[in-house]
Amino acid sequence: MRTWSDSPFPSREELSGVPEGKSISQDNGESRLVYEIKDNPGWLAKLYKRPADAGRISDLQRLVYLPTVMSQADQDLVDRCLAWPTTRLYDGSDLVGVVMAKAPDGFYAPLKALSGWQDPAPLPLDWLMKPADKCAQVGLRRPDLDLRLRAVEELLAVGDLFARHDIVYGDWSYRNALWNQHTGEVFVIDMDSCGIGSREWVESPGWADPLFPDRSRRPTVASDSYKLAVLTVRCLTAQRQDPVDALHALERPTRDASLGGLLRRTLTATRLEDRPKCAELLEAVRRIRGTTAAAGPSATSASRAGADNVTTWVKVGPRAGAGTARPAEATASARPSGTTRAASGTSGTDGAAASNVTGSVNLRNRSAARPPASAPEPSPSSAGSVRYGPGPGSTSAAGGSGTGTTPTPGSVPPTSHTPRPAARTTSRSAARRAAMARGSSGRTAPAAARRPGRHAVTVMLLCALIAALCVARYVLGWI
């Protein structure tokens with residue numbers, strides 16, 4: 001289930017429209033009640049202790065709609081890692097709560113106690129701050145460096161998303177994110193308390209930012225970057241002490257990489273502008289893990305449905321080693337300069353390799369699941385022409401009928417690279433073979449291609465002999 005895109009509720013709903021089901025928690029933090037909505041498993045209603053004020057109402061409205069203007073990659077991250085508020089709940093004119101998705105089952109786990117195994121419960125990120133032996137004692141998987149790095153990558157990806165959209169989370173801590181012990185993924189909760197640009201003061205003990213020493217400055221994305229750096233150090237080292245002192249406990253792959261230096265700069269900077277961005281920390285973690293960035297506005301078209309992931313031109317022509325082209329197979333090259341070459345192994349109607357089609361096929365917007373259509377073999381009269389058939393990037397060589405289809409947008413190469421007539425590549429021996437083949441089929445070969453007969457040779461020799469005798473007689477008579 002996607003935690004924002006699959007919401008079954010409108011962006012605004014009356015409290016009566018979300019009937020109470022199983023209770024999840026009561027009087028926890030700012031909420032008086034959190035319950036699973038009846039007949040809608042996986043969706044929770046969170047009711048506040050007091051109605052929201054004007055500033056909170058504005059921020060919640062913007063948060064609910066913000067994913068609609070995000071890139072597809074950012075929406076995917078929201079749907080996978082965040083309990084994003086999807087619906088504002090009203091009781092008359094008062095905003096009294098929100099609807100959000102429940103954490104997926106992978107973020108729950110039964111824990112072993114002295115009395116036996118307990119029922120599955122949410123698994124907070126706090127378990128990554130404990131020694132591996134402590135995790136094993138309660139039946140959890142021992143978190144190794146790869147699991148820790150995966151959790152850190154997810155946290156920093158969320159932090160980078162927030163920073164790019166000017167969302168201030170503020171309350172980063174062990175308890176506000178859940179952890180999947182099998183995959184290392186994280187799930188951030190309490191998203192409804194976020195602010196846009198800044199937010200009201202909130203801070204957990206042990207997370208004080210030295211550049212925000214008192215409540216005179218409202219938290220911003222700059223203070224979030226510090227707390228995420230602290231969370232990164234503690235997730236990687238399982239040490240809750242001073243984060244700067246804990247840097248020495250980083251394992252060598254992370255301490256020797258650029259990540260260690262970036263963390264130190266973030267934790268020790270004396271000016272906000274000297275702190276590395278969350279995106280820099282994320283990129284350093286991805287280099288260590290060998291993963292690639294997928295999030296961000298630039299990834300919108302690459303991740304959009306429709307598989308717009310093929311953006312090149314492909315040369316259509318004979319396979320390597322397919323043999324010499326026949327005389328009638330000389331064709332034109334329509335490939336734009338600087339494009340990628342690729343061999344085509346399409347078979348012709350006679351079962352031989354189709355080495356009679358050349359040119360370029362525009363594969364832009366073509367899905368990888370829909371391969372280009374095979375091109376029929378053209379007749380000799382149409383050699384050198386390429387007709388572009390229906391559908392983005394589909395082509396066909398002109399057939400003997402001389403008919404074709406209208407070019408469609410995205411299927412015709414740029415006008416500056418129109419097909420050119422092919423130069424003649426037929427050798428003299430190949431022309432003789434073709435003439436003999438046509439003669440054997442009952443057709444008269446052209447006079448220029450016919451071999452002279454024996455009688456013609458005899459006549460030519462006799463004429464040469466007579467000419468020689470005449471010359472000899474003239475020369476001897478003069479002497």
# chains A, B, ... in the order shown; residues from 1 in each chain; ligands from 1
call {"tool": "residues_around", "arguments": {"residues": "Glu154 (chain A)", "least_positions_apart": "3", "cutoff": "12 Å", "atoms": "only C-alpha atoms", "output": "ChimeraX atom specification"}}
result
/A:77-78,80-82,125,147-151,157-161,177-180,183-188,228,231-232,235,278-279,281-283,285-286,291,293-295
call {"tool": "select_by_dssp", "arguments": {"residues": "region 74-186 of chain A", "states": "helix (DSSP H, G or I)", "output": "MDAnalysis selection string"}}
result
chainID A and resid 74:81 105:107 125:129 132:137 145:164
call {"tool": "atom_distance", "arguments": {"atom1": "CA of Val34 (chain A)", "atom2": "CA of Lys22 (chain A)"}}
result
8.9 Å
call {"tool": "residues_around", "arguments": {"residues": "region 9-12 of chain A", "least_positions_apart": "5", "cutoff": "8 Å", "atoms": "only C-alpha atoms", "output": "PyMOL selection string"}}
result
chain A and resi 64-65+86-90
call {"tool": "closest_residue", "arguments": {"among": "A:Asp133, A:Asp79, A:Glu13, A:Glu30", "to": "Leu95 (chain A)", "atoms": "only C-alpha atoms"}}
result
A:Glu13
